[in-house]
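**Student:** Below is one structure. I have some questions about it.
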Amino acid sequence: MEQIIYTLNDLIWSNALIVLCLGAGIYFSVRTGFVQIRYFREMIHLLFSGKSSKKGVSSFQAFALALSGRIGTGNIAGVATAIGLGGPGAIFWMWIIAFLGSASAYIEATLGQIFKEVKGGEYRGGPAYYIEKGLGVKWYAMVFAFVTIISMSFLLPGVQSNSIALSVNNAFDVPVEYTGGVVCLFLAMVIFGGIKRIGKVAEILVPFMAMGYVLLAIIIIGINITEVPTVLKLIVSSAFNQEAAYSAVFGSAIAWGVKRGIYSNEAGQGTAPHAASAAEVSHPAKQGLVQAFSVYIDTLFVCTATACMILFTGQFNVLHPDGGFLVENLPGIAIGPEFTQNAIAVHFPTIGAGFVAVALMFFSFTTIMAYYYIAETNLSYLQKNDTQKWPIHVLRILIIIATFYGAIRTAQVAWTFGDIGVGLMAWLNIIAILLLRKPALEALKDYKKKKDAGEDPDYDFEEMKKHYSKN
């Protein structure tokens, strides 16, 4: 069974998907005039503007909800995995996919806003909604919704809980079963409270956990400030096969950099549009720009901080593609959060392992919350009768079971399940936004025109939805 899972993952994550992700990012960057650069200051301004309503959350709450899905185990264990399988050069390709993916994030989030609907008194939206309304392909939308429900409720939660359980076990010697049970208990308390509670919890936890983690990273970077040029040179040279020690993993650097980059920042995967659609904004481009900024926070900020800590201290291994180790600085240590724990422990021996365990707890817990919200949104799309509550309860129970199961499984199996989920969603969503790019591109033009005229851009959502809808 495990061999079937690994074979399926290799098929989904072939070079074709890597080319598709990079190609889409390049295309959207060019078509938007590199929105990720031109509107950088505007992104920050919009982040703190706008208020919530009875139907939707504020821009910042939507940003926090999306960021809670982006900032997770990928920022700690994922970065370590990228280095372990692709060498330091994998970090460069994580940067590239983040920069290009920021434009893809703008497109998908803006589309989510344009085609959002009001269901159960709240805004609902995402790829399934814009695929049906914008492309007019009902079966495609239903396939995406079904794949997303399976990915978010069954395939992906285990990656987060597995990393939590392993890091807590490494730091405090707590059995993984106990950690999994505690995580599931707190998860149940949150998800049974609905989207409003999820948004509130994300709004509080995400800034707190990100600032605490990054602050410690900045301290370690400051201690090693003279090593920054050397580490940056190592990352760039390894990325282009100019570092002899890592030449054997050159191809893996690109593949794992893109794979872990998408896993971490989720640009183009189709997850962030669900949170973006829940925002109350006067113009869809506003939330598109906010979501584009969240990619920077995730990869260029948090992931880079993790990578620097690991590479400064040399607390990493690199697997040779043919077996064995290309670099083995940590004998007996598997690829995963232990790299980060050991890196912090070099400078802070008494708190290293424990701090990472707690950080991972916050990072991964909020990510699982976001997974549940996304799964619920797609279930709502498939449900024509919103009065039936039993499907929601089944979904909640399923994600709790999957979270516990992931905590007690091996890391390799958990990550492979997660990669399958991410890959399937990325295939379906990137093709969709490439086909349905026009409304998002025109929304950006409309936003720029009104801003240049000195107006606060607004947008007739209902009229534009009718204009673009194909069903």
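Labeling convention for the structure tokens: chains A, B, ... as they appear, residues from 1 per chain, ligands from 1 in order of appearance.
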Check stretch 231-403 of chain A with DSSP on the backbone and list each residue it calls strand (DSSP E), as an mmCIF file with C-alpha atoms, in the first residue's frame.
**Tutor:**
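The resulting file, out.cif, is reproduced below:
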```cif
data_model
loop_
_atom_site.group_PDB
_atom_site.id
_atom_site.type_symbol
_atom_site.label_atom_id
_atom_site.label_comp_id
_atom_site.auth_asym_id
_atom_site.auth_seq_id
_atom_site.Cartn_x
_atom_site.Cartn_y
_atom_site.Cartn_z
ATOM 1 C CA ASN A 317 21.932 16.364 6.651
ATOM 2 C CA VAL A 318 21.563 16.015 2.878
ATOM 3 C CA LEU A 319 20.474 12.690 1.444
ATOM 4 C CA PHE A 325 24.144 10.799 2.893
ATOM 5 C CA LEU A 326 25.793 13.470 0.792
ATOM 6 C CA VAL A 327 26.243 15.505 3.974
ATOM 7 C CA GLU A 328 25.761 14.057 7.452
#
```
**Student:** Which neighbours of stretch 149-155 of chain A fall inside 8 Å, counting only C-alpha atoms, when residues of the same chain fewer than 5 positions from it are skipped, and could you give them as a list in words?
**Tutor:**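 Here the qualifying residues turn out to be Tyr371, Tyr372, Ile374, Ala375, Glu376, Asn378, Leu379, Leu395, Leu398, Ile399, Ala402, Thr403, Ala414, Phe417, Gly418, Ile420, Gly421 and Val422 of chain A.
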**Student:** Using only C-alpha atoms, find the one residue out of A:Ala165, A:Lys55, A:Ala217, A:Ser282 that sits nearest to A:Glu177.
**Tutor:**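 Between A:Ala165, A:Lys55, A:Ala217, A:Ser282, the residue approaching A:Glu177 most closely is A:Ala165.
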**Student:** So that each row is one residue of stretch 38-149 of chain A with an atom at most 9 Å from stretch 4-23 of chain A, can you give its shortest atom pair and the distance in Å to one decimal, using only C-alpha atoms, rows by chain and rising number, as CSV?
**Tutor:**
```
residue,atom,partner,partner_atom,distance
A:Ile96,CA,A:Leu22,CA,8.5
A:Ile97,CA,A:Leu22,CA,6.6
A:Leu100,CA,A:Leu22,CA,7.1
A:Gly101,CA,A:Leu22,CA,7.9
```
**Student:** Could you please determine the separation between atom CA of A:Gly323 and atom CA of A:Trp256 in Å, to one decimal place?
**Tutor:** 16.6 Å
**Student:** Could you give me, as a ChimeraX atom specification, the residues within 12 Å of A:Ile218, counting only C-alpha atoms and dropping anything in the same chain fewer than 3 positions from it?
**Tutor:** /A:210-215,221-225,228,301-302,304-309,344
**Student:** What separation in Å, quoted to one decimal, exists between atom CA of A:Ala276 and atom CA of A:Cys184?
**Tutor:**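 A separation of 26.2 Å between them.
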**Student:** May I ask which of the residues A:Asn170, A:Asn241, A:Gln36, A:Gln269 is the closest one to A:Ile433, counting only C-alpha atoms?
**Tutor:**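 Among A:Asn170, A:Asn241, A:Gln36, A:Gln269, it is A:Gln269 that comes nearest to A:Ile433.
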**Student:** So which residues touch A:Arg38 within 12 Å, counting only C-alpha atoms, skipping near sequence neighbours fewer than 2 positions away, as a VMD selection string?
**Tutor:** chain A and resid 29 to 30 32 to 36 40 to 43 103 289 292 to 293 444 448
**Student:** One decimal, in Å: what's the spacing between atom CA of A:Leu424 and atom CA of A:Val258?
**Tutor:**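 One can read the atom CA of A:Leu424 to atom CA of A:Val258 distance as 14.9 Å.
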**Student:** So which one's closest to A:His393, A:Ala188, A:Phe250, A:Met464, A:Gly181? Using only C-alpha atoms, please.
**Tutor:**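 The answer is A:Ala188, which sits nearest to A:His393.
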**Student:** Tell me which protein, DNA and RNA residues are within 10 Å of A:Asn429, counting only C-alpha atoms, leaving out same-chain ones fewer than 6 positions away, and put them as a ChimeraX atom specification.
**Tutor:** /A:108,126-128,131,141,144,268-271,423,435
**Student:** Given the selection you just returned, output its residues as a file containing C-alpha atoms, formatted as a tab-separated table (two decimals), in the first residue's frame.
**Tutor:**
```
chain	number	residue	atom	x	y	z
A	108	GLU	CA	-6.81	33.32	-7.49
A	126	GLY	CA	-13.09	29.58	-3.76
A	127	PRO	CA	-11.99	27.67	-6.86
A	128	ALA	CA	-15.13	25.51	-7.04
A	131	ILE	CA	-14.77	27.37	-11.89
A	141	ALA	CA	-15.96	22.51	-10.09
A	144	PHE	CA	-12.18	20.30	-7.35
A	268	GLY	CA	-1.73	28.64	-6.89
A	269	GLN	CA	-2.82	25.63	-4.85
A	270	GLY	CA	-6.35	27.00	-4.47
A	271	THR	CA	-6.53	27.14	-0.68
A	423	GLY	CA	-0.37	18.31	-5.95
A	435	LEU	CA	-8.28	29.73	-18.29
```
**Student:** With only C-alpha atoms as the basis for distance, which of A:Ser277, A:Thr299, A:Ser294, A:Asn329 is at the shortest distance from A:Glu117?
**Tutor:**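 The answer is A:Ser277, which sits nearest to A:Glu117.
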**Student:** From the list A:Phe172, A:Tyr296, A:Trp415, A:Phe316, which residue is nearest A:Val356 when using only C-alpha atoms?
**Tutor:**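 The answer is A:Phe172, which sits nearest to A:Val356.
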